[in-house]
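Encoded as structure tokens, the structure appears first; notes follow it.
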Amino acid sequence: MSRAEIDESHAQFRGAWRLFALGLPGGEVVERTDVFITAGGVAWSLMNMAFLTRPVETEAELERAVDSAASYFAQGPNGWAFTLTPDWLSPALRERADTLLAARGLKPGMLTTGMVADRLREPVRPLAPLDLRQVRDEWGRNAIADVNSASYDVPRALGREALAAPGIYGPECRAFVGCHDGAPATTTAALRVDGVVYIALVATLAEHRRQGAAETVLRRTLEEAKRAWGLERTVLHATAAGAPVYRRMGYRDVTTFCSYFAPPKEA
């Protein structure tokens with residue numbers, strides 16, 4: 001990995017969540033000196049995210065960024081998250097980050113690996129036979145929301161509020177639903193962020209996992225992204241469960257991220 005790719009992975013994360021926030025009816029993006037805020041204005045805290053704007057060396061710098069984000073989100077009722085990569089923290093600060101954020105009510109809740117691929121490897125096995133449907137209407141948007149909310153154990157209503165908004169699926173997005181026997185089974189979305197394809201909303205219902213469903217819909221989504229935008233380089237942030245699938249497809253690790261979550265006010 002290189003510093004440039006670490007920075008790219010961070011910028012792609014911010015850029016993708018910027019598109020999500022701006023695609024939501026009550027969404028807002030706020031760029032401050034210390035922190036980049038992408039507020040979806042929805043109940044699912046994952047869609048209310050704050051990021052550092054640059055690497056930080058001291059506790060005071062990190063505290064200022066987190067406090068700035070906290071003051072913004074304190075204006076509303078929703079939970080939110082602060083996402084960072086340890087590679088943007090000085091060695092001493094890495095050891096203190098969990099404690100500093102915990103003192104501000106933020107607890108580590110999601111670990112992901114930033115990954116990149118210039119192009120995919122050829123499949124090592126036949127792709128799963130799915131009916132692949134591009135997201136173009138309310139059915140498709142609801143399918144993406146429902147599969148993702150089920151995969152993350154989030155109530156369906158929260159998932160639809162956060163992920164079924166038409167504004168998310170505009171010209172900078174190409175998304176597909178993979179169906180089995182006519183019912184949604186797996187999803188993927190590609191977002192165009194700064195001349196790179198960012199892969200998001202990769203989710204598969206439990207009964208369809210370990211059958212190659214995610215790879216099938218991901219490859220189809222990337223084909224459409226290349227056709228539409230002429231882009232092949234892709235970035236994503238993988239959970240521990242998804243990372244081996246992506247490595248097999250040709251992605252390589254760049255850096256790790258941790259998302260720290262603050263609960264909604266009523267909690």
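Identifiers in the structure tokens: chain A, B, ... in order shown; residue index from 1 per chain; ligand index from 1 in order shown.
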Practice problem: Find the spatial neighbours of Ala102 in chain A, counting only C-alpha atoms, within a cut-off of 10 Å - ignore same-chain residues fewer than 4 positions away - and output them as a list of chain:residue names. | Solution: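 So the residues in contact are A:Ala97, A:Asp98, A:Leu106, A:Lys107, A:Pro108, A:Tyr260, A:Phe261, A:Ala262.
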Could you take the residues named above and write them with C-alpha atoms, as a CSV table (one decimal), in the first residue's frame?
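result-v9.csv written:
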```
chain,number,residue,atom,x,y,z
A,97,ALA,CA,-8.3,6.8,19.9
A,98,ASP,CA,-10.8,4.4,21.4
A,106,LEU,CA,-18.7,7.1,20.6
A,107,LYS,CA,-18.1,3.3,20.6
A,108,PRO,CA,-16.4,1.2,17.9
A,260,TYR,CA,-17.5,4.7,16.0
A,261,PHE,CA,-21.2,5.2,16.8
A,262,ALA,CA,-23.1,7.6,19.0
```
Practice problem: From a DSSP calculation on the backbone, collect every residue of range 155-235 of chain A in alpha helix (DSSP H) and output the set as a VMD selection string. | Solution: chain A and resid 156 to 163 213 to 229
Quiz item: Restricting the calculation to only C-alpha atoms, which member of A:Ser90, A:Thr38, A:Thr234, A:Gln134 is positioned closest to Asp118 in chain A?
Solution: A:Thr234
Quiz prompt | Non-local contacts of Glu232 in chain A (10 Å; only C-alpha atoms; under 3 positions in same chain excluded) as a ChimeraX atom specification | solution = /A:117-120,195-197,222-223,225-227,229,235
Please dump the current selection as a compact mmCIF listing (two decimals), in the first residue's frame; keep all heavy atoms.
```
# COMPACT_ATOMS: atom_id res chain seq x y z
N ALA A 117 -9.01 -2.23 -6.74
CA ALA A 117 -8.66 -3.10 -7.88
C ALA A 117 -8.63 -2.24 -9.14
O ALA A 117 -9.54 -1.45 -9.38
CB ALA A 117 -9.67 -4.22 -8.04
N ASP A 118 -7.57 -2.40 -9.92
CA ASP A 118 -7.51 -1.71 -11.21
C ASP A 118 -8.38 -2.42 -12.24
O ASP A 118 -8.92 -1.80 -13.14
CB ASP A 118 -6.07 -1.61 -11.70
CG ASP A 118 -5.25 -0.65 -10.85
OD1 ASP A 118 -5.73 0.46 -10.60
OD2 ASP A 118 -4.16 -1.03 -10.40
N ARG A 119 -8.48 -3.75 -12.10
CA ARG A 119 -9.39 -4.54 -12.93
C ARG A 119 -9.59 -5.87 -12.21
O ARG A 119 -8.77 -6.28 -11.39
CB ARG A 119 -8.83 -4.75 -14.34
CG ARG A 119 -7.52 -5.48 -14.40
CD ARG A 119 -6.95 -5.48 -15.81
NE ARG A 119 -6.80 -4.13 -16.31
CZ ARG A 119 -5.74 -3.36 -16.03
NH1 ARG A 119 -4.77 -3.82 -15.25
NH2 ARG A 119 -5.65 -2.15 -16.53
N LEU A 120 -10.67 -6.53 -12.52
CA LEU A 120 -10.97 -7.79 -11.85
C LEU A 120 -10.29 -8.98 -12.52
O LEU A 120 -10.04 -8.97 -13.71
CB LEU A 120 -12.48 -8.02 -11.82
CG LEU A 120 -13.35 -7.00 -11.09
CD1 LEU A 120 -14.78 -7.53 -10.97
CD2 LEU A 120 -12.79 -6.64 -9.73
N GLY A 195 -13.75 10.12 -10.47
CA GLY A 195 -13.14 9.34 -11.54
C GLY A 195 -12.81 7.91 -11.17
O GLY A 195 -12.05 7.24 -11.89
N VAL A 196 -13.38 7.42 -10.08
CA VAL A 196 -13.20 6.04 -9.64
C VAL A 196 -14.57 5.46 -9.36
O VAL A 196 -15.50 6.17 -8.97
CB VAL A 196 -12.31 5.98 -8.36
CG1 VAL A 196 -12.20 4.56 -7.83
CG2 VAL A 196 -10.93 6.55 -8.65
N VAL A 197 -14.72 4.15 -9.54
CA VAL A 197 -15.98 3.49 -9.23
C VAL A 197 -15.93 3.02 -7.78
O VAL A 197 -15.08 2.21 -7.40
CB VAL A 197 -16.21 2.27 -10.15
CG1 VAL A 197 -17.52 1.58 -9.77
CG2 VAL A 197 -16.25 2.71 -11.61
N LEU A 222 -20.28 -3.69 -12.20
CA LEU A 222 -19.05 -3.09 -12.71
C LEU A 222 -19.04 -3.04 -14.24
O LEU A 222 -18.49 -2.11 -14.83
CB LEU A 222 -17.85 -3.86 -12.19
CG LEU A 222 -17.55 -3.65 -10.70
CD1 LEU A 222 -16.43 -4.58 -10.24
CD2 LEU A 222 -17.18 -2.20 -10.43
N GLU A 223 -19.63 -4.03 -14.88
CA GLU A 223 -19.76 -3.97 -16.34
C GLU A 223 -20.57 -2.75 -16.77
O GLU A 223 -20.21 -2.05 -17.72
CB GLU A 223 -20.44 -5.24 -16.85
CG GLU A 223 -19.59 -6.49 -16.81
CD GLU A 223 -20.40 -7.73 -17.19
OE1 GLU A 223 -21.60 -7.58 -17.51
OE2 GLU A 223 -19.82 -8.84 -17.16
N ALA A 225 -21.02 0.01 -15.00
CA ALA A 225 -20.26 1.21 -14.68
C ALA A 225 -19.21 1.50 -15.75
O ALA A 225 -19.03 2.66 -16.16
CB ALA A 225 -19.59 1.05 -13.31
N LYS A 226 -18.55 0.46 -16.23
CA LYS A 226 -17.56 0.67 -17.30
C LYS A 226 -18.24 1.13 -18.58
O LYS A 226 -17.74 2.03 -19.27
CB LYS A 226 -16.80 -0.64 -17.55
CG LYS A 226 -15.71 -0.50 -18.61
CD LYS A 226 -14.96 -1.80 -18.80
CE LYS A 226 -13.89 -1.65 -19.89
NZ LYS A 226 -13.16 -2.92 -20.12
N ARG A 227 -19.38 0.55 -18.91
CA ARG A 227 -20.10 0.96 -20.11
C ARG A 227 -20.56 2.41 -20.01
O ARG A 227 -20.44 3.18 -20.96
CB ARG A 227 -21.32 0.06 -20.31
CG ARG A 227 -22.07 0.31 -21.62
CD ARG A 227 -23.49 -0.16 -21.56
NE ARG A 227 -24.28 0.60 -20.61
CZ ARG A 227 -24.76 1.82 -20.85
NH1 ARG A 227 -24.52 2.44 -21.98
NH2 ARG A 227 -25.47 2.44 -19.91
N TRP A 229 -19.48 4.91 -17.79
CA TRP A 229 -18.52 5.93 -17.43
C TRP A 229 -17.12 5.69 -17.99
O TRP A 229 -16.25 6.56 -17.88
CB TRP A 229 -18.41 6.04 -15.91
CG TRP A 229 -19.72 6.28 -15.23
CD1 TRP A 229 -20.73 7.09 -15.66
CD2 TRP A 229 -20.16 5.72 -13.97
NE1 TRP A 229 -21.77 7.07 -14.75
CE2 TRP A 229 -21.46 6.25 -13.72
CE3 TRP A 229 -19.60 4.85 -13.04
CZ2 TRP A 229 -22.19 5.90 -12.56
CZ3 TRP A 229 -20.31 4.52 -11.91
CH2 TRP A 229 -21.58 5.04 -11.68
N VAL A 235 -12.89 1.05 -5.85
CA VAL A 235 -12.56 1.09 -4.43
C VAL A 235 -13.78 0.64 -3.65
O VAL A 235 -14.92 0.91 -4.03
CB VAL A 235 -12.14 2.52 -4.00
CG1 VAL A 235 -12.11 2.66 -2.48
CG2 VAL A 235 -10.78 2.88 -4.60
```
Practice problem: Within 12 Å of Glu61 in chain A, counting only C-alpha atoms, which residues show up once you throw out same-chain ones fewer than 4 positions away? Write them as number ranges by chain, please. | Solution: A: 33-35, 52-57, 65-68, 88-90, 93, 97, 100
Written file, previous selection with all heavy atoms, as a CSV table (one decimal), in the first residue's frame:
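The new file selection.csv reads:
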```csv
chain,number,residue,atom,x,y,z
A,33,THR,N,-13.0,22.8,8.8
A,33,THR,CA,-11.6,22.7,8.7
A,33,THR,C,-11.1,21.3,9.2
A,33,THR,O,-10.3,20.7,8.6
A,33,THR,CB,-10.9,23.8,9.6
A,33,THR,OG1,-11.4,25.1,9.1
A,33,THR,CG2,-9.4,23.7,9.5
A,34,ASP,N,-11.7,20.9,10.3
A,34,ASP,CA,-11.3,19.6,10.9
A,34,ASP,C,-12.1,18.4,10.6
A,34,ASP,O,-11.6,17.3,10.8
A,34,ASP,CB,-11.3,19.8,12.4
A,34,ASP,CG,-10.4,20.9,12.9
A,34,ASP,OD1,-9.2,20.9,12.5
A,34,ASP,OD2,-10.8,21.8,13.7
A,35,VAL,N,-13.3,18.6,10.1
A,35,VAL,CA,-14.2,17.5,9.9
A,35,VAL,C,-15.1,17.6,8.7
A,35,VAL,O,-15.4,18.7,8.3
A,35,VAL,CB,-15.0,17.3,11.2
A,35,VAL,CG1,-16.0,18.4,11.4
A,35,VAL,CG2,-15.7,15.9,11.2
A,52,LEU,N,-12.5,12.6,9.3
A,52,LEU,CA,-11.4,13.6,9.3
A,52,LEU,C,-11.2,14.2,7.9
A,52,LEU,O,-11.5,13.5,6.9
A,52,LEU,CB,-10.1,12.9,9.8
A,52,LEU,CG,-10.0,12.5,11.2
A,52,LEU,CD1,-8.8,11.6,11.5
A,52,LEU,CD2,-10.1,13.6,12.2
A,53,THR,N,-10.6,15.4,7.9
A,53,THR,CA,-10.3,16.0,6.6
A,53,THR,C,-8.8,15.8,6.2
A,53,THR,O,-8.4,16.0,5.1
A,53,THR,CB,-10.6,17.5,6.6
A,53,THR,OG1,-9.8,18.1,7.7
A,53,THR,CG2,-12.1,17.7,6.8
A,54,ARG,N,-8.0,15.4,7.2
A,54,ARG,CA,-6.6,15.2,7.0
A,54,ARG,C,-6.0,14.4,8.1
A,54,ARG,O,-6.6,14.2,9.1
A,54,ARG,CB,-5.9,16.6,6.9
A,54,ARG,CG,-6.0,17.4,8.2
A,54,ARG,CD,-5.3,18.7,8.1
A,54,ARG,NE,-5.4,19.4,9.4
A,54,ARG,CZ,-6.4,20.1,9.9
A,54,ARG,NH1,-7.5,20.2,9.1
A,54,ARG,NH2,-6.3,20.7,11.0
A,55,PRO,N,-4.8,13.8,7.9
A,55,PRO,CA,-4.1,13.1,9.0
A,55,PRO,C,-3.9,14.0,10.2
A,55,PRO,O,-3.7,15.2,10.1
A,55,PRO,CB,-2.8,12.7,8.4
A,55,PRO,CG,-3.0,12.7,6.9
A,55,PRO,CD,-4.0,13.8,6.7
A,56,VAL,N,-4.0,13.4,11.4
A,56,VAL,CA,-3.8,14.2,12.6
A,56,VAL,C,-2.7,13.6,13.5
A,56,VAL,O,-2.5,12.4,13.5
A,56,VAL,CB,-5.1,14.3,13.5
A,56,VAL,CG1,-6.2,15.1,12.7
A,56,VAL,CG2,-5.6,13.0,13.9
A,57,GLU,N,-2.0,14.5,14.2
A,57,GLU,CA,-0.9,14.1,15.0
A,57,GLU,C,-1.1,14.1,16.5
A,57,GLU,O,-0.5,13.3,17.3
A,57,GLU,CB,0.3,15.0,14.7
A,57,GLU,CG,0.9,14.9,13.3
A,57,GLU,CD,1.6,13.6,13.1
A,57,GLU,OE1,2.2,13.1,14.0
A,57,GLU,OE2,1.7,13.2,11.9
A,65,ALA,N,-11.9,17.7,16.0
A,65,ALA,CA,-12.7,17.1,14.9
A,65,ALA,C,-14.0,16.4,15.4
A,65,ALA,O,-15.1,16.7,14.9
A,65,ALA,CB,-11.9,16.2,14.1
A,66,VAL,N,-13.8,15.6,16.4
A,66,VAL,CA,-14.9,14.9,17.0
A,66,VAL,C,-15.9,15.8,17.6
A,66,VAL,O,-17.1,15.7,17.5
A,66,VAL,CB,-14.4,13.8,18.0
A,66,VAL,CG1,-15.6,13.1,18.6
A,66,VAL,CG2,-13.6,12.8,17.3
A,67,ASP,N,-15.4,16.8,18.4
A,67,ASP,CA,-16.3,17.7,19.1
A,67,ASP,C,-17.1,18.6,18.0
A,67,ASP,O,-18.3,18.9,18.3
A,67,ASP,CB,-15.5,18.6,20.0
A,67,ASP,CG,-15.0,17.9,21.2
A,67,ASP,OD1,-15.5,16.8,21.5
A,67,ASP,OD2,-14.1,18.4,21.9
A,68,SER,N,-16.5,18.9,16.9
A,68,SER,CA,-17.1,19.7,15.9
A,68,SER,C,-18.3,18.9,15.3
A,68,SER,O,-19.4,19.4,15.1
A,68,SER,CB,-16.1,20.1,14.8
A,68,SER,OG,-16.8,20.8,13.8
A,88,TRP,N,-4.2,7.4,9.5
A,88,TRP,CA,-4.2,8.9,9.5
A,88,TRP,C,-4.0,9.4,10.9
A,88,TRP,O,-4.1,10.6,11.2
A,88,TRP,CB,-5.6,9.4,9.0
A,88,TRP,CG,-5.5,9.7,7.5
A,88,TRP,CD1,-4.7,9.2,6.6
A,88,TRP,CD2,-6.4,10.6,6.8
A,88,TRP,NE1,-4.9,9.8,5.4
A,88,TRP,CE2,-6.0,10.6,5.5
A,88,TRP,CE3,-7.5,11.4,7.2
A,88,TRP,CZ2,-6.6,11.4,4.5
A,88,TRP,CZ3,-8.1,12.2,6.2
A,88,TRP,CH2,-7.7,12.2,4.9
A,89,LEU,N,-3.6,8.5,11.9
A,89,LEU,CA,-3.3,9.0,13.2
A,89,LEU,C,-1.8,8.7,13.5
A,89,LEU,O,-1.3,7.7,13.1
A,89,LEU,CB,-4.2,8.2,14.2
A,89,LEU,CG,-5.7,8.2,14.0
A,89,LEU,CD1,-6.3,7.4,15.1
A,89,LEU,CD2,-6.2,9.6,14.1
A,90,SER,N,-1.2,9.5,14.3
A,90,SER,CA,0.2,9.3,14.8
A,90,SER,C,0.2,8.0,15.6
A,90,SER,O,-0.8,7.6,16.2
A,90,SER,CB,0.7,10.4,15.6
A,90,SER,OG,-0.1,10.6,16.7
A,93,LEU,N,-1.3,8.3,19.0
A,93,LEU,CA,-2.7,8.6,19.0
A,93,LEU,C,-3.5,7.4,18.7
A,93,LEU,O,-4.6,7.3,19.2
A,93,LEU,CB,-2.9,9.7,18.0
A,93,LEU,CG,-4.3,10.4,18.0
A,93,LEU,CD1,-4.8,10.8,19.3
A,93,LEU,CD2,-4.4,11.5,17.0
A,97,ALA,N,-7.1,6.4,20.6
A,97,ALA,CA,-8.3,6.8,19.9
A,97,ALA,C,-9.5,6.3,20.5
A,97,ALA,O,-10.5,7.0,20.7
A,97,ALA,CB,-8.1,6.4,18.4
A,100,LEU,N,-10.4,8.2,23.7
A,100,LEU,CA,-10.8,9.6,23.4
A,100,LEU,C,-12.2,9.6,22.9
A,100,LEU,O,-13.0,10.5,23.3
A,100,LEU,CB,-9.8,10.2,22.5
A,100,LEU,CG,-8.4,10.5,23.0
A,100,LEU,CD1,-7.5,11.0,21.8
A,100,LEU,CD2,-8.5,11.5,24.1
```
Practice problem: Could you find all residues in range 17-132 of chain A that DSSP calls strand (DSSP E or B) from the backbone, and write them as a ChimeraX atom specification? | Solution: /A:28-31,35-39,48-52,56,80-84,89,107-117,131-132
Quiz item: Could you name the residues that touch Val29 in chain A at 12 Å or less, counting only C-alpha atoms, but leaving out those on the same chain fewer than 6 positions away, as a ChimeraX atom specification?
Solution: /A:14-23,35-41,47-51,69,72-73
Self-check item: Selected residue, from A:Ala43, A:Ala162, A:Ile144, A:Cys258, that lies nearest to Thr85 in chain A when counting only C-alpha atoms
Solution: A:Cys258
